[in-house]
file work21.txt (compact mmCIF, C-alpha atoms)
# COMPACT_ATOMS: atom_id res chain seq x y z
CA MET R 40 114.19 131.45 145.33
CA ALA R 41 110.87 130.85 143.64
CA LYS R 42 108.76 127.81 144.52
CA LEU R 43 106.80 126.21 141.72
CA ARG R 44 105.26 122.90 140.73
CA VAL R 45 106.80 121.23 137.71
CA LYS R 46 106.71 117.91 135.90
CA VAL R 47 109.02 115.16 137.02
CA GLN R 48 110.90 113.50 134.18
CA ALA R 49 111.64 109.78 134.05
CA PRO R 50 115.23 108.56 133.84
CA ASP R 51 116.64 108.94 130.33
CA ALA R 52 119.85 108.40 128.41
CA ASP R 53 121.52 111.37 130.09
CA ARG R 54 120.19 111.06 133.63
CA ASP R 55 119.71 107.76 135.42
CA ALA R 56 117.24 109.11 137.95
CA TYR R 57 113.84 110.78 138.15
CA HIS R 58 114.60 114.47 137.76
CA VAL R 59 113.30 117.91 136.85
CA HIS R 60 114.35 119.47 133.55
CA LEU R 61 115.81 122.66 135.00
CA PRO R 62 119.50 123.55 135.37
CA THR R 63 119.44 124.43 139.06
CA TYR R 64 116.77 123.36 141.53
CA ALA R 65 116.02 121.87 144.94
CA MET R 66 113.07 119.53 145.33
CA VAL R 67 110.65 120.33 148.14
CA PRO R 68 110.35 117.31 150.47
CA GLY R 69 106.99 115.57 150.54
CA SER R 70 105.59 117.43 147.52
CA TRP R 71 105.15 114.71 144.91
CA LEU R 72 101.75 114.27 143.25
CA PRO R 73 99.65 112.35 142.47
CA LEU R 74 99.87 109.95 145.39
CA ILE R 75 99.12 106.47 144.07
CA PRO R 76 99.30 103.70 146.70
CA GLY R 77 101.93 101.16 145.78
CA LYS R 78 103.38 103.37 143.04
CA ILE R 79 103.96 107.03 143.92
CA ASP R 80 104.70 108.27 147.43
CA LYS R 81 105.14 111.80 148.79
CA ASP R 82 108.86 111.73 147.98
CA GLY R 83 109.07 109.79 144.78
CA VAL R 84 108.26 106.78 142.67
CA LEU R 85 108.45 103.61 144.76
CA SER R 86 111.15 101.16 143.83
CA THR R 87 109.16 98.00 144.51
CA GLN R 88 105.57 96.92 145.09
CA PRO R 89 104.68 95.10 148.33
CA ASP R 90 105.22 91.78 146.55
CA GLY R 91 108.73 92.82 145.57
CA LYS R 92 108.03 93.40 141.90
CA PRO R 93 109.44 96.61 140.41
CA VAL R 94 107.08 99.55 140.05
CA VAL R 95 106.35 100.52 136.47
CA LEU R 96 104.39 103.69 135.73
CA SER R 97 102.03 103.86 132.80
CA PRO R 98 102.56 106.72 130.32
CA ALA R 99 99.44 108.42 131.74
CA GLU R 100 100.77 108.19 135.30
CA LEU R 101 104.16 109.48 134.21
CA ALA R 102 102.55 112.43 132.43
CA GLN R 103 100.81 113.49 135.65
CA LEU R 104 103.89 113.18 137.85
CA THR R 105 104.82 116.52 139.49
CA CYS R 106 106.69 117.91 142.47
CA GLU R 107 107.53 121.31 143.89
CA VAL R 108 110.99 122.77 143.39
CA LEU R 109 112.88 125.85 144.47
CA VAL R 110 114.47 127.70 141.55
CA PRO R 111 116.87 130.69 141.60
CA ASP R 112 115.15 134.06 141.22
CA ASP R 113 117.38 135.06 138.32
CA GLU R 114 115.92 132.22 136.25
CA CYS R 115 112.30 133.31 136.81
CA ASN R 116 110.04 136.08 135.57
CA ASP R 117 108.08 138.52 137.73
CA GLN R 118 105.35 135.91 138.17
CA GLY R 119 107.81 133.43 139.64
CA GLN R 120 107.77 131.16 136.61
CA PRO R 121 110.88 129.90 134.77
CA ASP R 122 111.86 132.41 132.08
CA LYS R 123 113.23 131.04 128.83
CA ALA R 124 115.18 134.17 127.88
CA LYS R 125 116.84 134.44 131.29
CA ILE R 126 117.82 130.77 131.31
CA ARG R 127 119.22 130.93 127.79
CA GLN R 128 121.25 134.00 128.68
CA LYS R 129 122.55 132.62 131.98
CA TYR R 130 123.62 129.34 130.38
CA LYS R 131 124.57 130.82 127.00
CA GLY R 132 126.42 128.35 124.81
CA GLN R 133 125.48 125.31 126.91
CA PRO R 134 123.63 122.96 124.51
CA ARG R 135 121.22 121.59 127.11
CA TRP R 136 119.91 125.02 128.17
CA ASP R 137 120.69 127.53 125.41
CA ARG R 138 118.02 126.26 123.01
CA ASP R 139 114.62 127.36 121.83
CA ASP R 140 112.75 124.41 123.39
CA VAL R 141 114.49 124.69 126.76
CA LEU R 142 111.29 124.84 128.83
CA THR R 143 109.19 122.49 126.70
CA GLY R 144 107.34 119.96 128.81
CA ILE R 145 108.19 121.26 132.26
CA MET U 52 159.18 153.40 131.18
CA PRO U 53 157.69 149.92 130.55
CA ARG U 54 155.05 148.61 132.98
CA VAL U 55 155.91 145.53 134.94
CA GLY U 56 153.23 143.02 135.99
CA PHE U 57 149.65 142.64 134.78
CA PRO U 58 148.23 145.13 132.28
CA GLY U 59 145.55 147.08 134.12
CA GLY U 60 146.74 145.86 137.50
CA PRO U 61 146.74 142.51 139.23
CA ARG U 62 143.71 140.23 138.85
CA LEU U 63 141.36 140.04 141.79
CA ASN U 64 141.27 136.87 143.83
CA TRP U 65 138.46 134.46 142.96
CA TYR U 66 136.47 135.34 146.07
CA ASP U 67 136.46 138.99 145.02
CA ARG U 68 135.21 138.41 141.45
CA ASN U 69 131.45 138.96 141.80
CA PRO U 70 131.12 136.16 144.36
CA ALA U 71 127.73 134.65 145.14
CA CYS U 72 126.84 132.08 147.81
CA LYS U 73 125.15 128.96 146.44
CA VAL U 74 123.36 126.57 148.80
CA GLY U 75 121.15 123.57 148.22
CA VAL U 76 119.58 121.30 150.82
CA TRP U 77 117.23 118.33 150.62
CA SER U 78 116.09 116.64 153.82
CA GLY U 79 113.53 113.86 153.79
CA SER U 80 112.24 111.83 156.73
CA GLY U 81 110.07 108.72 156.67
CA VAL U 82 110.88 108.29 153.00
CA ALA U 83 109.60 105.05 151.48
CA PRO U 84 111.80 102.88 149.25
CA HIS U 85 112.12 104.74 145.98
CA ALA U 86 113.75 104.63 142.59
CA ALA U 87 116.82 106.80 142.00
CA THR U 88 115.77 110.46 142.25
CA GLN U 89 117.76 113.63 141.67
CA ARG U 90 116.90 115.88 144.63
CA LEU U 91 119.28 118.77 143.97
CA SER U 92 120.88 120.12 140.84
CA TYR U 93 123.38 122.93 140.40
CA THR U 94 124.65 123.94 136.97
CA VAL U 95 127.50 126.44 136.70
CA PRO U 96 126.37 129.38 134.52
CA SER U 97 128.37 130.47 131.49
CA GLY U 98 131.24 132.81 132.34
CA LYS U 99 131.37 131.52 135.91
CA LYS U 100 133.25 129.04 138.05
CA ALA U 101 132.32 127.65 141.45
CA ILE U 102 134.13 126.19 144.40
CA ILE U 103 132.07 123.73 146.40
CA GLU U 104 133.18 124.23 149.97
CA VAL U 105 130.88 121.75 151.71
CA LEU U 106 129.17 118.62 150.42
CA GLU U 107 127.21 116.17 152.56
CA CYS U 108 125.24 112.97 151.99
CA SER U 109 123.60 111.20 154.94
CA VAL U 110 121.31 108.16 155.08
CA ILE U 111 119.58 106.63 158.12
CA ARG U 112 117.30 103.59 158.19
CA LYS U 113 114.31 104.58 160.32
CA THR U 114 112.07 101.52 160.10
CA ALA U 115 113.01 98.00 159.13
CA ALA U 116 112.28 96.75 155.64
CA THR U 117 110.49 93.53 154.76
CA THR U 118 113.39 92.82 152.45
CA ALA U 119 116.36 95.14 152.84
CA GLY U 120 117.98 96.58 149.77
CA VAL U 121 120.63 99.19 149.23
CA MET U 122 119.90 102.74 150.45
CA GLN U 123 122.05 105.51 149.07
CA GLY U 124 122.48 109.24 149.11
CA TYR U 125 125.09 110.20 146.54
CA ALA U 126 126.69 113.07 144.65
CA VAL U 127 127.21 112.97 140.90
CA LEU U 128 129.43 115.33 138.93
CA THR U 129 128.84 115.72 135.21
CA PRO U 130 131.66 117.74 133.67
CA TYR U 131 130.59 119.86 130.70
CA GLY U 132 130.56 117.52 127.74
CA GLY U 133 131.62 114.54 129.83
CA PRO U 134 129.95 111.52 131.42
CA PRO U 135 128.28 111.62 134.85
CA THR U 136 130.49 110.29 137.64
CA THR U 137 129.43 109.38 141.16
CA PHE U 138 132.11 110.60 143.55
CA LEU U 139 130.57 110.63 147.05
CA VAL U 140 128.23 107.95 148.42
CA ALA U 141 126.50 107.38 151.76
CA TRP U 142 125.49 103.70 151.63
CA ILE U 143 123.53 101.26 153.84
CA GLU U 144 122.74 97.63 153.12
CA THR U 145 121.74 96.44 156.59
CA ASN U 146 118.21 96.26 157.99
CA THR U 147 119.15 97.56 161.43
CA VAL U 148 116.98 100.45 162.60
CA ASP U 149 119.08 103.60 163.03
CA ALA U 150 121.92 102.22 160.92
CA ARG U 151 123.45 105.23 159.22
CA SER U 152 126.04 106.37 156.74
CA ASP U 153 127.38 109.92 156.55
CA ARG U 154 129.80 111.27 153.98
CA PHE U 155 131.29 114.75 153.96
CA LEU U 156 133.61 116.54 151.60
CA GLY U 157 135.03 119.95 152.28
CA GLY U 158 136.71 122.56 150.11
CA ALA U 159 137.96 120.31 147.37
CA VAL U 160 135.67 120.60 144.35
CA THR U 161 136.12 123.25 141.66
CA LEU U 162 133.46 123.40 138.96
CA PHE U 163 133.61 125.12 135.60
CA ALA U 164 130.94 126.57 133.30
CA GLY U 165 128.45 123.90 132.28
CA ASP U 166 129.49 121.41 134.95
CA VAL U 167 126.57 119.91 136.87
CA LEU U 168 126.55 118.84 140.51
CA ALA U 169 123.59 116.58 141.32
CA LEU U 170 122.61 115.01 144.64
CA LYS U 171 120.47 111.89 144.41
CA THR U 172 118.89 109.24 146.64
CA LEU U 173 117.60 105.71 146.16
CA ASP U 174 116.29 102.85 148.30
CA LEU U 175 115.84 99.46 146.69
CA SER U 176 114.30 97.82 149.77
CA THR U 177 110.79 96.44 150.00
CA GLY U 178 109.00 98.21 152.86
CA GLY U 179 110.60 100.22 155.64
CA THR U 180 111.58 103.87 155.58
CA GLY U 181 114.66 106.05 155.69
CA SER U 182 115.74 109.59 156.41
CA TYR U 183 118.12 111.53 154.21
CA PHE U 184 120.06 114.77 154.37
CA GLN U 185 121.88 116.13 151.37
CA ALA U 186 123.49 119.53 151.07
CA TYR U 187 126.07 121.61 149.26
CA LYS U 188 127.45 125.08 149.85
CA GLY U 189 129.60 126.78 147.28
CA THR U 190 130.83 130.13 146.03
CA GLU U 191 130.18 131.06 142.42
CA PHE U 192 132.40 133.70 140.86
CA SER U 193 133.37 135.27 137.54
CA ALA U 194 135.73 133.08 135.56
call {"tool": "encode", "arguments": {"input": "work21.txt", "output": "structure tokens"}}
result
Amino acid sequence: MAKLRVKVQAPDADRDAYHVHLPTYAMVPGSWLPLIPGKIDKDGVLSTQPDGKPVVLSPAELAQLTCEVLVPDDECNDQGQPDKAKIRQKYKGQPRWDRDDVLTGI
Amino acid sequence: MPRVGFPGGPRLNWYDRNPACKVGVWSGSGVAPHAATQRLSYTVPSGKKAIIEVLECSVIRKTAATTAGVMQGYAVLTPYGGPPTTFLVAWIETNTVDARSDRFLGGAVTLFAGDVLALKTLDLSTGGTGSYFQAYKGTEFSA
């Protein structure tokens, strides 16, 4: 397994949770950055502020949101980074992963 | 004389068709209340199948919340081309320290190419912390 830091994606139409846009991964506990009191903790985006109001991240905060993940070796290149060609081949024919922009924004 | 049986010989059992062990674990302690987060993801590669032999979701409240909300560790299966479906949930709604919920599933889940197994957590409390353990172990093999 290769360990790398990647962007965390906000919930979207397909996935109702904060997630990483990779097919197979394991988040590393306590690795989230940046730490913003009242908004982002070491293991994720807080659900509520101390006053009970829901936490809402600004676009700038969301763009900076990262965590470490473990990714299978056969999806990475020799430098331990996700490899587009390997991912497309491994998940050939699967629309989410067999596409030219598969690693865009991670 | 005509051959009887499978052309080329009988097909190997699934556990002999290029098997590979697949394991994922996420364990968090002292985790603050958080929005739904996908901790683990496993997507079955093309040309493969997988049998998930062990699946576990555990949740423990470690410190009391100011206002308790639901705490969950849960498993979601998204069949290739289908909608996501939650099928295993560890769930706490009390504010009692050390309250816990553990859910296990063994040897009953077969996944096909493009299917996605995701393990997620959430805590909708205000204040307090929890500990979580989520894991799967499976065998991936040629379809």
call {"tool": "interface_residues", "arguments": {"input": "work21.txt", "of": "chain R", "to": "chain U", "cutoff": "6 Å", "atoms": "only C-alpha atoms", "output": "VMD selection string"}}
result
chain R and resid 56 to 58 62 to 66 68 84 to 87 129 to 131
call {"tool": "residues_around", "arguments": {"input": "work21.txt", "residues": "Gln128 (chain R)", "least_positions_apart": "4", "cutoff": "9 Å", "atoms": "all atoms listed in the file", "output": "PDB file with C-alpha atoms, in the frame of the given file"}}
result
ATOM      1  CA  LYS R 123     113.230 131.040 128.830  1.00  0.00           C
ATOM      2  CA  ALA R 124     115.180 134.170 127.880  1.00  0.00           C
ATOM      3  CA  GLY R 132     126.420 128.350 124.810  1.00  0.00           C
ATOM      4  CA  ASP R 137     120.690 127.530 125.410  1.00  0.00           C
TER       5      ASP R 137
ATOM      6  CA  SER U  97     128.370 130.470 131.490  1.00  0.00           C
TER       7      SER U  97
END
call {"tool": "residues_around", "arguments": {"input": "work21.txt", "residues": "Arg112 (chain U)", "least_positions_apart": "6", "cutoff": "6 Å", "atoms": "all atoms listed in the file", "output": "mmCIF file with C-alpha atoms, keeping the file's coordinate frame"}}
result
data_model
loop_
_atom_site.group_PDB
_atom_site.id
_atom_site.type_symbol
_atom_site.label_atom_id
_atom_site.label_comp_id
_atom_site.auth_asym_id
_atom_site.auth_seq_id
_atom_site.Cartn_x
_atom_site.Cartn_y
_atom_site.Cartn_z
ATOM 1 C CA VAL U 148 116.980 100.450 162.600
ATOM 2 C CA ASP U 149 119.080 103.600 163.030
ATOM 3 C CA ALA U 150 121.920 102.220 160.920
ATOM 4 C CA GLY U 181 114.660 106.050 155.690
#
call {"tool": "residues_near_point", "arguments": {"input": "work21.txt", "point": "(108.3, 115.6, 148.2)", "cutoff": "6 Å", "atoms": "only C-alpha atoms", "output": "list of chain:residue names"}}
result
R:Val67, R:Pro68, R:Gly69, R:Ser70, R:Trp71, R:Lys81, R:Asp82
call {"tool": "atom_distance", "arguments": {"input": "work21.txt", "atom1": "CA of Ile102 (chain U)", "atom2": "CA of Cys106 (chain R)"}}
result
28.7 Å
call {"tool": "atom_distance", "arguments": {"input": "work21.txt", "atom1": "CA of Cys108 (chain U)", "atom2": "CA of Thr136 (chain U)"}}
result
15.5 Å
call {"tool": "residues_near_point", "arguments": {"input": "work21.txt", "point": "(108.5, 126.8, 135.5)", "cutoff": "12 Å", "atoms": "all atoms listed in the file", "output": "PyMOL selection string"}}
result
chain R and resi 41-47+59-64+105-112+114-123+126+141-145
call {"tool": "atom_distance", "arguments": {"input": "work21.txt", "atom1": "CA of Gly83 (chain R)", "atom2": "CA of Trp136 (chain R)"}}
result
25.0 Å
call {"tool": "residues_around", "arguments": {"input": "work21.txt", "residues": "Phe155 (chain U)", "least_positions_apart": "6", "cutoff": "9 Å", "atoms": "all atoms listed in the file", "output": "list in words"}}
result
Val105, Leu106, Glu107, Cys108, Ser109 and Leu139 of chain U
call {"tool": "residues_around", "arguments": {"input": "work21.txt", "residues": "Arg151 (chain U)", "least_positions_apart": "4", "cutoff": "10 Å", "atoms": "only C-alpha atoms", "output": "list in words"}}
result
Ser109, Val110, Ile111, Arg112, Lys113, Met122, Ala141, Trp142, Ile143, Glu144, Thr145, Thr147, Gly181, Ser182 and Tyr183 of chain U
call {"tool": "residues_around", "arguments": {"input": "work21.txt", "residues": "Lys100 (chain U)", "least_positions_apart": "4", "cutoff": "6 Å", "atoms": "only C-alpha atoms", "output": "list in words"}}
result
Leu162, Phe163, Ala164, Glu191, Phe192 and Ala194 of chain U
call {"tool": "write_last_selection", "arguments": {"input": "work21.txt", "atoms": "C-alpha atoms", "output": "CSV table (one decimal), in the frame of the given file"}}
result
chain,number,residue,atom,x,y,z
U,162,LEU,CA,133.5,123.4,139.0
U,163,PHE,CA,133.6,125.1,135.6
U,164,ALA,CA,130.9,126.6,133.3
U,191,GLU,CA,130.2,131.1,142.4
U,192,PHE,CA,132.4,133.7,140.9
U,194,ALA,CA,135.7,133.1,135.6
call {"tool": "closest_residue", "arguments": {"input": "work21.txt", "among": "U:Gln185, U:Val127, U:Asp67, U:Leu156", "to": "Asp55 (chain R)", "atoms": "all atoms listed in the file"}}
result
U:Val127
call {"tool": "axis_aligned_box", "arguments": {"input": "work21.txt", "around": "region 80-97 of chain R", "padding_each_side": "5 Å", "output": "lines of an AutoDock Vina configuration file"}}
result
center_x = 106.6
center_y = 101.8
center_z = 140.8
size_x = 19.1
size_y = 30.0
size_z = 26.0
call {"tool": "closest_residue", "arguments": {"input": "work21.txt", "among": "R:Asp80, R:Asp140, R:Asp113, R:Glu100", "to": "Gln48 (chain R)", "atoms": "all atoms listed in the file"}}
result
R:Glu100
call {"tool": "decode", "arguments": {"input": "work21.txt", "residues": "region 118-130 of chain U", "atoms": "N, CA and C atoms", "output": "CSV table (one decimal), in the first residue's frame"}}
result
chain,number,residue,atom,x,y,z
U,118,THR,N,-25.3,17.9,23.6
U,118,THR,CA,-26.5,17.4,23.1
U,118,THR,C,-26.3,16.2,22.3
U,119,ALA,N,-26.8,15.1,22.7
U,119,ALA,CA,-26.5,13.8,22.0
U,119,ALA,C,-27.3,13.7,20.7
U,120,GLY,N,-26.6,13.3,19.7
U,120,GLY,CA,-27.2,13.0,18.4
U,120,GLY,C,-26.9,11.6,18.0
U,121,VAL,N,-27.3,11.2,16.9
U,121,VAL,CA,-27.0,9.8,16.4
U,121,VAL,C,-25.6,9.6,16.1
U,122,MET,N,-25.0,8.5,16.5
U,122,MET,CA,-23.6,8.1,16.1
U,122,MET,C,-23.8,6.8,15.3
U,123,GLN,N,-23.1,6.8,14.2
U,123,GLN,CA,-23.2,5.6,13.4
U,123,GLN,C,-21.9,5.2,12.7
U,124,GLY,N,-21.7,3.9,12.6
U,124,GLY,CA,-20.7,3.3,11.7
U,124,GLY,C,-21.5,2.4,10.8
U,125,TYR,N,-21.3,2.5,9.5
U,125,TYR,CA,-22.2,1.8,8.6
U,125,TYR,C,-21.6,1.4,7.3
U,126,ALA,N,-22.1,0.3,6.7
U,126,ALA,CA,-21.6,-0.2,5.5
U,126,ALA,C,-22.6,0.0,4.4
U,127,VAL,N,-22.1,0.5,3.3
U,127,VAL,CA,-22.9,0.8,2.1
U,127,VAL,C,-22.4,0.1,0.9
U,128,LEU,N,-23.4,-0.6,0.2
U,128,LEU,CA,-23.0,-1.3,-1.0
U,128,LEU,C,-23.7,-0.6,-2.2
U,129,THR,N,-22.8,-0.3,-3.1
U,129,THR,CA,-23.3,0.3,-4.4
U,129,THR,C,-23.1,-0.7,-5.5
U,130,PRO,N,-24.1,-1.4,-5.9
U,130,PRO,CA,-24.0,-2.3,-7.0
U,130,PRO,C,-23.7,-1.6,-8.3
